[in-house]
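Q: Structure below; questions to follow.
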Amino acid sequence: MAKGIKILTEHINTPGIETFEVYKKSGGYAAVEKVIKKMTPEEVVEEVKKSGVRGRGGAGFPMGMKWSFLAKPEGVPRYLVCNADESEPGTFKDHFLMKSIPHLLIEGMIVSSFALGAHKSFIYVRGELMYVIRILEKAIEEAKAAGYLGKNILGSGYDLELVVQPGGGAYICGEETALLESLEGKRGNPRNKPPFPAVKGLYQSPTVVNNVESIANTPWIINNGGDAYAALGIGRSTGTKLISASGHIKNPGVYEIELGLPVEEFLYSDEFLGGIRDGHHLKAVVAGGSSVPILPANLFLKTANGEDRLMSYESLSDGGFASGTMLGSGGFIAMDETTCIVRNTWNFSRFYHHESCGQCSPCREGTGWMEKVLHRIEHGHGNMRDIDLLVDVAKKIEGNTICPLGDAAAWPVASAIRHFRDEFEWHVKYPKEATMKGAVYVKEEVLV
Amino acid sequence: MSDKIAFSEDRLAKAKEIILRYPEGKQKSALLPLLHLAQEQFGWVSAASMDYIAEMLQIEPIEVYEVATFYTMFHLEPVGKHVIEYCRTGPCCTMGGEEVYDHLKTKLKIEANQTTSNGLFTLKEVECLAACGWGPCFQIREKFYMHLTNEKVDGIIEELSK
Ligand SMILES: Cc1cc2nc3c(=O)[nH]c(=O)nc-3n(C[C@H](O)[C@H](O)[C@H](O)COP(=O)(O)O)c2cc1C
Ligand code: SF4
Ligand code: FES
């Protein structure tokens, strides 16, 4: 591994990096010069394909492959839409990247739009980040003034306009088809697929939706080549990944790691999370945003086969849902022995119930049921059948909905019961103790 | 029919610029940005504001209502001078968010969705604000208040009460 390599955050601490001038001096916009002056759109797509970079919004779909699916009917505009809705609990990496180094995303948007033949591209930012929208708009103005955006970029004849669009407060608008609906000025109801956005997306035109971090990788890939990117990381988890870390760790924050970094090193080394806060032990981890299965600490550090777990798509999902989880969006939430898993699960279920768009009954009703039953257990009124009821409801939602929010709501509940069933049972058996302030059930063997 | 209202001069210019961002015939895309503009000016989004926006975009008022009621950021009732939007989601709670929230409610003597009797503060609960590692946190308009503690909350409330 190329220890310590930074693709996205190398210049993030340079004073003034949010300005065009400093960004340019640090090597910025070289990728735009290169694609515009020396490359064809097909060659850009080819490099991104070679890099093996996978979508960083959560699903991990290979970016180059997605680009090559884009339909190209004659005379119909094509759109690139950047997904900066970032609302998955635990995830704050795109927020950090955009506010700190806005020009990196702008440069990536130009490179990617050129590759796709888009002349109007959108950055859809969650509305709560209005201050970030203002930062991006300023960066766009600067890039335009310097001739990197607008009409006839660098004299090439290629035109591109970037529009920053605010959301209105709705997690579901992170789902790409809900996002497109929202961008068209409608409620954020996910669309039935097919047709996929690559064929009929924004305004019924072919559209690519990519995450902020995905797009921000493209300048480096162009400057250094797809092969150089693919040489980083491990196996099919190429390159680096931003991990936003929160919870009971010494150093919460956003980290760029090379994929394949051992989980243990990420958790305990001072370069990264610095370990669990003093005097405490790790109990559980949600590794990739609230939607991915929660794992007890012992299973998180080592796979069921006793191998060291790595920060990669494959290693984190080793063992499937029985003993694994997912890299997801990189929203890493660490919980020590003071955390009540039942309470945390109830909190997440309230989130999904609140955010369900209501179109499909398994999701609309199921998330409500799960919230209600979890509330009951957490507050000392549950019975043993409730625990099985939860598993049953989660199963009925999974796979039976228009969009994956249903699965995202079901997995945290199902996995919490799978790995921490005795904690739920303890709440039912000892309601008085369970509802005492600060009382938490702990099984020693899961702690690390 | 609701009373007529209008954007201030600079916001009207901004609204016109926003509408031109989208391809021809797709001006409805300007709806969320214009709702934000209205809330910025009036503090909340009234029926009159929605009718005004519908007219500006040449769409039916119902198309504005159904959107404004879907998205949680729009205040559909008048609010206090400062709307505190407190993050209640898991990661912030892990970082002590529930204790700080209790303190805030005690300090303001209100519950969620209420306004203090002096009209200064409205309290709302929101879901994850993409600031989890910097939590507990809340937002007032565009500003994030992060790494909250009881003492910090006291300081912020006192400062904003001046
Ligand atoms: C409920 C839900 C919420 C999502 N939220 C986000 C988000 O906030 N940001 C994001 O990039 N992708 C999000 N996604 C994934 C997007 O649908 C889509 O896969 C992604 O934007 C594609 O970009 P990528 O391939 O570059 O990752 C979400 C998906 C679902 C089902
Ligand atoms: S799964 Fe839930 S959020 Fe997704 S479309 Fe159905 S009701 Fe809406
Ligand atoms: S949980 Fe509060 S900002 Fe994410």
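Chain lettering (A, B, ...) mirrors the order of the structure tokens, residue numbering begins at 1 for each chain separately, and ligand numbering begins at 1 in order of display.
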Show me which bits of chain A are within 7 Å of chain B, counting only C-alpha atoms, as a PyMOL selection string.

A: chain A and resi 86-87+89-92+95+130-131+163+166-170+183-187+245-248+252-253+333+344+347-348+351

Q: Could you name the residues that touch Glu125 (chain B) at 10 Å or less, counting only C-alpha atoms, but leaving out those on the same chain fewer than 2 positions away, as a list in words?

A: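 What passes the distance filter is Ile84, Glu85, Tyr86, Cys87, Arg88, Thr89, Tyr101, Glu111, Ala112, Asn113, Leu123, Glu127, Cys128 and Phe138 of chain B.
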
Q: For all heavy atoms, I'd like the residues from the last selection saved as a short mmCIF file (atom, residue, chain, number, x, y, z; two decimals), in the first residue's frame.

A:
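New file out_8.cif:
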data_model
loop_
_atom_site.label_atom_id
_atom_site.label_comp_id
_atom_site.auth_asym_id
_atom_site.auth_seq_id
_atom_site.Cartn_x
_atom_site.Cartn_y
_atom_site.Cartn_z
N ILE B 84 -34.44 27.46 16.28
CA ILE B 84 -33.36 26.52 16.62
C ILE B 84 -33.75 25.16 16.08
O ILE B 84 -34.76 24.59 16.49
CB ILE B 84 -33.16 26.46 18.15
CG1 ILE B 84 -32.78 27.84 18.68
CG2 ILE B 84 -32.10 25.42 18.49
CD1 ILE B 84 -32.61 27.89 20.18
N GLU B 85 -32.98 24.63 15.16
CA GLU B 85 -33.27 23.32 14.58
C GLU B 85 -32.28 22.32 15.13
O GLU B 85 -31.12 22.28 14.74
CB GLU B 85 -33.26 23.42 13.06
CG GLU B 85 -34.32 24.46 12.65
CD GLU B 85 -34.56 24.57 11.15
OE1 GLU B 85 -33.77 25.23 10.46
OE2 GLU B 85 -35.55 24.00 10.70
N TYR B 86 -32.76 21.56 16.10
CA TYR B 86 -31.89 20.71 16.90
C TYR B 86 -31.82 19.30 16.34
O TYR B 86 -32.83 18.66 16.10
CB TYR B 86 -32.40 20.67 18.35
CG TYR B 86 -31.37 20.11 19.29
CD1 TYR B 86 -30.51 20.95 19.98
CD2 TYR B 86 -31.22 18.74 19.45
CE1 TYR B 86 -29.54 20.44 20.81
CE2 TYR B 86 -30.24 18.22 20.28
CZ TYR B 86 -29.40 19.08 20.96
OH TYR B 86 -28.43 18.57 21.78
N CYS B 87 -30.60 18.81 16.14
CA CYS B 87 -30.44 17.46 15.58
C CYS B 87 -30.70 16.40 16.65
O CYS B 87 -30.06 16.39 17.69
CB CYS B 87 -29.03 17.26 15.03
SG CYS B 87 -28.79 15.53 14.55
N ARG B 88 -31.65 15.50 16.35
CA ARG B 88 -32.05 14.48 17.32
C ARG B 88 -31.62 13.08 16.90
O ARG B 88 -32.05 12.09 17.47
CB ARG B 88 -33.56 14.52 17.48
CG ARG B 88 -34.29 14.08 16.21
CD ARG B 88 -35.78 14.02 16.40
NE ARG B 88 -36.43 13.36 15.29
CZ ARG B 88 -37.75 13.28 15.15
NH1 ARG B 88 -38.53 13.83 16.04
NH2 ARG B 88 -38.28 12.66 14.12
N THR B 89 -30.78 12.97 15.88
CA THR B 89 -30.47 11.66 15.31
C THR B 89 -29.32 10.96 16.04
O THR B 89 -28.49 11.61 16.68
CB THR B 89 -30.19 11.82 13.80
OG1 THR B 89 -31.21 12.64 13.25
CG2 THR B 89 -30.19 10.48 13.08
N TYR B 101 -29.91 18.56 24.78
CA TYR B 101 -31.25 18.93 24.34
C TYR B 101 -32.17 19.19 25.54
O TYR B 101 -32.92 20.17 25.56
CB TYR B 101 -31.82 17.82 23.44
CG TYR B 101 -33.16 18.14 22.82
CD1 TYR B 101 -33.37 19.37 22.19
CD2 TYR B 101 -34.21 17.23 22.86
CE1 TYR B 101 -34.59 19.66 21.60
CE2 TYR B 101 -35.43 17.51 22.27
CZ TYR B 101 -35.63 18.73 21.64
OH TYR B 101 -36.83 19.02 21.07
N GLU B 111 -41.09 23.17 24.69
CA GLU B 111 -40.88 21.87 24.07
C GLU B 111 -40.72 22.09 22.56
O GLU B 111 -40.89 23.20 22.07
CB GLU B 111 -42.08 20.95 24.34
CG GLU B 111 -42.26 20.56 25.79
CD GLU B 111 -41.15 19.64 26.29
OE1 GLU B 111 -40.68 18.78 25.51
OE2 GLU B 111 -40.73 19.78 27.46
N ALA B 112 -40.46 20.98 21.84
CA ALA B 112 -40.33 21.08 20.39
C ALA B 112 -41.61 21.66 19.78
O ALA B 112 -42.70 21.43 20.28
CB ALA B 112 -40.07 19.70 19.82
N ASN B 113 -41.44 22.42 18.73
CA ASN B 113 -42.55 23.05 17.99
C ASN B 113 -43.27 24.13 18.79
O ASN B 113 -44.41 24.47 18.49
CB ASN B 113 -43.57 22.02 17.51
CG ASN B 113 -42.91 21.01 16.59
OD1 ASN B 113 -42.10 21.39 15.74
ND2 ASN B 113 -43.20 19.74 16.78
N LEU B 123 -38.37 26.27 18.79
CA LEU B 123 -37.56 25.07 18.83
C LEU B 123 -38.13 24.02 17.88
O LEU B 123 -39.33 23.74 17.92
CB LEU B 123 -37.53 24.53 20.27
CG LEU B 123 -36.65 23.32 20.54
CD1 LEU B 123 -35.20 23.60 20.18
CD2 LEU B 123 -36.76 22.90 22.00
N GLU B 127 -33.69 15.99 11.71
CA GLU B 127 -32.86 14.78 11.57
C GLU B 127 -31.47 15.20 11.10
O GLU B 127 -31.25 16.32 10.64
CB GLU B 127 -33.49 13.79 10.59
CG GLU B 127 -34.89 13.30 11.01
CD GLU B 127 -34.91 12.42 12.27
OE1 GLU B 127 -33.83 12.14 12.83
OE2 GLU B 127 -36.02 12.04 12.69
N CYS B 128 -30.55 14.25 11.20
CA CYS B 128 -29.12 14.43 10.92
C CYS B 128 -28.79 15.58 9.97
O CYS B 128 -29.28 15.66 8.86
CB CYS B 128 -28.56 13.13 10.36
SG CYS B 128 -26.82 13.21 9.97
N PHE B 138 -26.90 22.13 16.55
CA PHE B 138 -28.15 22.66 16.01
C PHE B 138 -27.83 23.73 15.00
O PHE B 138 -26.67 24.15 14.85
CB PHE B 138 -29.14 23.13 17.09
CG PHE B 138 -28.71 24.27 17.98
CD1 PHE B 138 -28.39 25.52 17.47
CD2 PHE B 138 -28.69 24.10 19.37
CE1 PHE B 138 -28.04 26.58 18.31
CE2 PHE B 138 -28.34 25.15 20.23
CZ PHE B 138 -28.01 26.39 19.68
#

Q: Could you tell me how far CA of Ala230 (chain A) lies from CA of Gly320 (chain A), in Å and to one decimal?

A: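 Here the two named atoms are 25.3 Å from each other.
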
Q: Looking at only C-alpha atoms, which of A:Glu33, A:Glu365, A:Glu425, A:Glu88 is the one that sits closest to Ser244 (chain A)?

A: A:Glu88

Q: Please return as a PyMOL selection string the residues found within 7 Å of ligand 2, counting only C-alpha atoms and all ligand atoms.

A: chain A and resi 172+189-190+355-361+363-364+401-406

Q: May I have the residues from that selection written out with N, CA and C atoms, as a short mmCIF file (atom, residue, chain, number, x, y, z; two decimals), in the first residue's frame?

A:
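So the final result, stored in selection.cif, reads:
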data_model
loop_
_atom_site.label_atom_id
_atom_site.label_comp_id
_atom_site.auth_asym_id
_atom_site.auth_seq_id
_atom_site.Cartn_x
_atom_site.Cartn_y
_atom_site.Cartn_z
N ILE A 172 -34.97 11.43 1.64
CA ILE A 172 -35.29 10.61 0.48
C ILE A 172 -34.75 11.24 -0.81
N ASN A 189 -40.59 12.00 -4.50
CA ASN A 189 -41.04 10.62 -4.57
C ASN A 189 -40.18 9.83 -5.55
N PRO A 190 -39.51 8.77 -5.10
CA PRO A 190 -38.70 7.97 -6.01
C PRO A 190 -39.53 7.44 -7.17
N GLU A 355 -38.69 9.89 7.45
CA GLU A 355 -38.19 10.20 6.12
C GLU A 355 -38.85 9.38 5.01
N SER A 356 -39.64 8.37 5.36
CA SER A 356 -40.32 7.59 4.32
C SER A 356 -41.23 8.51 3.52
N CYS A 357 -41.17 8.39 2.18
CA CYS A 357 -41.99 9.30 1.37
C CYS A 357 -43.45 8.87 1.34
N GLY A 358 -43.71 7.63 1.76
CA GLY A 358 -45.10 7.21 1.91
C GLY A 358 -45.74 6.56 0.69
N GLN A 359 -44.98 6.40 -0.38
CA GLN A 359 -45.57 5.83 -1.60
C GLN A 359 -45.91 4.35 -1.49
N CYS A 360 -45.03 3.57 -0.81
CA CYS A 360 -45.30 2.13 -0.75
C CYS A 360 -45.74 1.77 0.66
N SER A 361 -46.77 0.93 0.75
CA SER A 361 -47.28 0.64 2.09
C SER A 361 -46.31 -0.14 2.96
N CYS A 363 -43.19 0.19 3.35
CA CYS A 363 -42.27 1.17 3.94
C CYS A 363 -43.03 2.14 4.84
N ARG A 364 -44.09 2.71 4.32
CA ARG A 364 -44.85 3.72 5.08
C ARG A 364 -45.36 3.14 6.39
N THR A 401 -40.27 -2.81 -1.96
CA THR A 401 -40.58 -1.39 -2.08
C THR A 401 -40.01 -0.81 -3.37
N ILE A 402 -40.47 0.40 -3.69
CA ILE A 402 -40.02 1.06 -4.93
C ILE A 402 -38.54 1.42 -4.85
N CYS A 403 -38.13 1.91 -3.70
CA CYS A 403 -36.73 2.35 -3.59
C CYS A 403 -36.07 1.67 -2.40
N PRO A 404 -34.74 1.77 -2.29
CA PRO A 404 -34.05 1.05 -1.21
C PRO A 404 -34.20 1.67 0.18
N LEU A 405 -34.97 2.74 0.35
CA LEU A 405 -35.14 3.26 1.71
C LEU A 405 -35.78 2.21 2.60
N GLY A 406 -36.64 1.41 2.02
CA GLY A 406 -37.27 0.35 2.80
C GLY A 406 -36.23 -0.60 3.38
#

Q: Which parts of chain B does DSSP call strand (DSSP E or B) when run on the backbone here, written out as a count of residues only?

A: 19

Q: Using only C-alpha atoms, which protein or nucleic acid residues come within 10 Å of Phe424 (chain A)? Drop anything in the same chain fewer than 4 positions from it, and give the result as a ChimeraX atom specification.

A: /A:340-343,374,377-378,382-384,386-387,416-417,420,428-429,434,441

Q: Could the residues in this selection be written to a file with N, CA and C atoms, as a short mmCIF file (atom, residue, chain, number, x, y, z; two decimals), in the first residue's frame?

A:
data_model
loop_
_atom_site.label_atom_id
_atom_site.label_comp_id
_atom_site.auth_asym_id
_atom_site.auth_seq_id
_atom_site.Cartn_x
_atom_site.Cartn_y
_atom_site.Cartn_z
N CYS A 340 -26.92 2.26 24.66
CA CYS A 340 -28.03 1.32 24.68
C CYS A 340 -28.43 1.02 23.23
N ILE A 341 -28.23 -0.22 22.82
CA ILE A 341 -28.51 -0.59 21.42
C ILE A 341 -30.00 -0.44 21.10
N VAL A 342 -30.84 -0.74 22.06
CA VAL A 342 -32.29 -0.63 21.82
C VAL A 342 -32.65 0.84 21.55
N ARG A 343 -32.12 1.72 22.36
CA ARG A 343 -32.43 3.13 22.20
C ARG A 343 -31.92 3.64 20.84
N LEU A 374 -40.44 -0.46 18.86
CA LEU A 374 -39.14 -0.19 19.51
C LEU A 374 -39.31 0.81 20.64
N ILE A 377 -40.61 -1.13 23.60
CA ILE A 377 -39.58 -1.94 24.28
C ILE A 377 -38.63 -1.03 25.07
N GLU A 378 -38.17 0.02 24.41
CA GLU A 378 -37.22 0.93 25.06
C GLU A 378 -37.82 1.56 26.31
N GLY A 382 -42.58 -3.48 26.52
CA GLY A 382 -42.54 -4.49 25.46
C GLY A 382 -42.78 -5.88 25.98
N ASN A 383 -43.07 -6.81 25.08
CA ASN A 383 -43.08 -8.21 25.48
C ASN A 383 -42.24 -9.01 24.48
N MET A 384 -42.01 -10.28 24.80
CA MET A 384 -41.09 -11.08 23.99
C MET A 384 -41.54 -11.19 22.53
N ASP A 386 -42.89 -9.03 20.79
CA ASP A 386 -42.55 -7.81 20.06
C ASP A 386 -41.22 -7.95 19.30
N ILE A 387 -40.29 -8.68 19.92
CA ILE A 387 -38.98 -8.81 19.30
C ILE A 387 -39.10 -9.57 17.98
N ALA A 416 -29.62 -5.36 14.56
CA ALA A 416 -29.51 -5.09 16.00
C ALA A 416 -30.07 -6.29 16.77
N ILE A 417 -31.19 -6.83 16.29
CA ILE A 417 -31.78 -7.99 16.99
C ILE A 417 -30.91 -9.24 16.77
N PHE A 420 -27.75 -8.43 19.04
CA PHE A 420 -27.92 -7.95 20.42
C PHE A 420 -29.28 -8.38 20.99
N VAL A 428 -37.25 -6.29 28.01
CA VAL A 428 -38.60 -6.84 28.23
C VAL A 428 -38.70 -7.45 29.63
N LYS A 429 -37.63 -8.18 30.03
CA LYS A 429 -37.66 -8.88 31.31
C LYS A 429 -37.52 -7.94 32.50
N ALA A 434 -34.27 -1.31 32.91
CA ALA A 434 -33.96 -0.85 31.56
C ALA A 434 -34.32 0.61 31.36
N TYR A 441 -27.41 -2.57 29.30
CA TYR A 441 -27.07 -3.99 29.36
C TYR A 441 -25.78 -4.21 28.57
#

Q: Taking only C-alpha atoms and all ligand atoms and a cut-off of 6 Å, can you tell me which residues surround ligand 1, written as a CSV table (one decimal) with N, CA, C and O atoms, in the first residue's frame?

A:
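For reference, result-v5.csv as written:
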chain,number,residue,atom,x,y,z
A,55,GLY,N,-18.8,4.1,-7.1
A,55,GLY,CA,-19.6,5.2,-6.5
A,55,GLY,C,-19.5,5.3,-5.0
A,55,GLY,O,-19.6,4.4,-4.3
A,56,ARG,N,-19.2,6.6,-4.6
A,56,ARG,CA,-19.0,6.8,-3.1
A,56,ARG,C,-20.2,7.2,-2.4
A,56,ARG,O,-20.2,7.6,-1.2
A,57,GLY,N,-21.4,7.2,-3.0
A,57,GLY,CA,-22.6,7.6,-2.4
A,57,GLY,C,-23.3,6.5,-1.5
A,57,GLY,O,-24.2,6.8,-0.7
A,58,GLY,N,-22.8,5.3,-1.7
A,58,GLY,CA,-23.3,4.2,-0.8
A,58,GLY,C,-23.4,2.9,-1.5
A,58,GLY,O,-23.1,1.8,-0.9
A,59,ALA,N,-23.8,2.9,-2.8
A,59,ALA,CA,-24.1,1.6,-3.4
A,59,ALA,C,-22.8,1.0,-4.0
A,59,ALA,O,-22.8,-0.2,-4.2
A,60,GLY,N,-21.8,1.8,-4.3
A,60,GLY,CA,-20.5,1.3,-4.7
A,60,GLY,C,-20.5,0.7,-6.2
A,60,GLY,O,-19.7,-0.1,-6.5
A,61,PHE,N,-21.4,1.3,-7.0
A,61,PHE,CA,-21.4,0.9,-8.4
A,61,PHE,C,-20.3,1.5,-9.2
A,61,PHE,O,-20.0,2.7,-9.1
A,63,MET,N,-18.1,3.5,-11.4
A,63,MET,CA,-18.4,4.8,-12.0
A,63,MET,C,-18.3,4.8,-13.5
A,63,MET,O,-19.2,5.3,-14.2
A,83,ASN,N,-24.9,14.4,-6.7
A,83,ASN,CA,-25.7,14.2,-5.5
A,83,ASN,C,-24.9,14.7,-4.2
A,83,ASN,O,-24.0,14.0,-3.8
A,84,ALA,N,-25.3,15.8,-3.8
A,84,ALA,CA,-24.7,16.4,-2.6
A,84,ALA,C,-25.8,16.6,-1.5
A,84,ALA,O,-25.9,17.5,-0.8
A,85,ASP,N,-26.7,15.6,-1.5
A,85,ASP,CA,-27.8,15.6,-0.5
A,85,ASP,C,-27.4,15.2,0.9
A,85,ASP,O,-28.0,15.5,1.8
A,86,GLU,N,-26.3,14.4,0.9
A,86,GLU,CA,-25.8,13.9,2.2
A,86,GLU,C,-26.6,14.0,3.4
A,86,GLU,O,-26.5,14.9,4.2
A,87,SER,N,-27.5,13.0,3.6
A,87,SER,CA,-28.4,13.0,4.7
A,87,SER,C,-28.4,11.7,5.5
A,87,SER,O,-29.2,11.5,6.4
A,88,GLU,N,-27.5,10.8,5.1
A,88,GLU,CA,-27.5,9.5,5.8
A,88,GLU,C,-26.8,9.7,7.1
A,88,GLU,O,-25.7,10.1,7.2
A,172,ILE,N,-35.0,11.4,1.6
A,172,ILE,CA,-35.3,10.6,0.5
A,172,ILE,C,-34.8,11.2,-0.8
A,172,ILE,O,-34.5,10.5,-1.8
A,174,GLY,N,-31.9,12.0,-1.4
A,174,GLY,CA,-30.6,11.5,-1.8
A,174,GLY,C,-30.7,10.3,-2.7
A,174,GLY,O,-29.8,9.9,-3.4
A,175,GLU,N,-31.9,9.6,-2.7
A,175,GLU,CA,-32.2,8.5,-3.7
A,175,GLU,C,-32.2,9.2,-5.0
A,175,GLU,O,-33.0,10.2,-5.2
A,176,GLU,N,-31.5,8.6,-6.0
A,176,GLU,CA,-31.3,9.4,-7.2
A,176,GLU,C,-32.5,9.8,-8.0
A,176,GLU,O,-32.6,10.9,-8.6
A,209,VAL,N,-26.2,10.4,-12.4
A,209,VAL,CA,-26.2,10.9,-11.0
A,209,VAL,C,-25.0,10.3,-10.3
A,209,VAL,O,-24.8,9.1,-10.3
A,210,ASN,N,-24.1,11.2,-9.8
A,210,ASN,CA,-22.9,10.7,-9.0
A,210,ASN,C,-22.8,11.5,-7.8
A,210,ASN,O,-23.1,12.7,-7.7
A,211,ASN,N,-22.2,10.8,-6.8
A,211,ASN,CA,-21.9,11.4,-5.5
A,211,ASN,C,-20.8,12.5,-5.6
A,211,ASN,O,-19.9,12.4,-6.5
A,214,SER,N,-17.3,10.8,-5.5
A,214,SER,CA,-17.0,10.1,-6.8
A,214,SER,C,-16.5,11.1,-7.8
A,214,SER,O,-15.4,10.9,-8.4
A,403,CYS,N,-38.1,1.9,-3.7
A,403,CYS,CA,-36.7,2.3,-3.6
A,403,CYS,C,-36.1,1.7,-2.4
A,403,CYS,O,-36.7,1.1,-1.6
A,404,PRO,N,-34.7,1.8,-2.3
A,404,PRO,CA,-34.1,1.0,-1.2
A,404,PRO,C,-34.2,1.7,0.2
A,404,PRO,O,-33.6,1.2,1.1
A,405,LEU,N,-35.0,2.7,0.3
A,405,LEU,CA,-35.1,3.3,1.7
A,405,LEU,C,-35.8,2.2,2.6
A,405,LEU,O,-35.5,2.1,3.8

Q: DSSP on the backbone: what in region 66-143 of chain B comes out alpha helix (DSSP H), as a VMD selection string?

A: chain B and resid 66 to 68 90 to 94 97 to 108

Q: So, counting only C-alpha atoms and all ligand atoms, which residue among A:Ala439, A:Phe332, A:Leu8, A:Val35 is closest to ligand 3?

A: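 Distance minimum relative to ligand 3 lands on A:Phe332.
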
Q: Using Å and a single decimal, report how far CA of Ala178 (chain A) sits from CA of Lys193 (chain A).

A: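 So the answer is 11.6 Å.
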
Q: When you count only C-alpha atoms, which of these residues is closest to Ile59 (chain B): B:Tyr145, B:Cys137, B:Thr116, B:Gly25?

A: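 Checking each candidate against Ile59 (chain B), we get B:Gly25 as the closest.
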
Q: With only C-alpha atoms and all ligand atoms as the basis for distance, which of B:Val153, B:Thr106, B:Leu76, B:Glu98 is at the shortest distance from ligand 3?

A: B:Glu98

Q: Please measure the separation of CA of Glu265 (chain A) and CA of Ile249 (chain A), giving the value in Å to one decimal.

A: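 We find that CA of Glu265 (chain A) and CA of Ile249 (chain A) lie 13.3 Å from each other.
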
Q: I want to know what sits within 7 Å of Trp411 (chain A), based on only C-alpha atoms, with residues of the same chain fewer than 3 positions away left out; could you give that as a VMD selection string?

A: chain A and resid 291 to 293 407 to 408 414 to 415

Q: Deliver the residues from the most recent selection as a file, using C-alpha atoms, as a PDB file, in the first residue's frame.

A:
ATOM      1  CA  SER A 291     -28.552   2.014   6.901  1.00  0.00           C
ATOM      2  CA  VAL A 292     -25.900  -0.679   7.074  1.00  0.00           C
ATOM      3  CA  PRO A 293     -26.071  -3.553   9.576  1.00  0.00           C
ATOM      4  CA  ASP A 407     -34.224  -1.938   3.023  1.00  0.00           C
ATOM      5  CA  ALA A 408     -32.275   0.849   4.692  1.00  0.00           C
ATOM      6  CA  ALA A 414     -32.859  -6.762  11.846  1.00  0.00           C
ATOM      7  CA  SER A 415     -29.119  -6.610  12.534  1.00  0.00           C
TER       8      SER A 415
END

Q: Can you pull out every residue within 10 Å of Gly235 (chain A), counting only C-alpha atoms, but drop anything in the same chain fewer than 6 positions away, and send it as a ChimeraX atom specification?

A: /A:52,259-260,312-314

Q: Extract, using only C-alpha atoms, all DNA, RNA and protein residues at most 9 Å from Val442 (chain A), discarding same-chain residues fewer than 2 positions from it, and format them as JSON, numbers by chain.

A: {"A": [283, 337, 338, 340, 423, 440, 444, 445, 446, 447]}
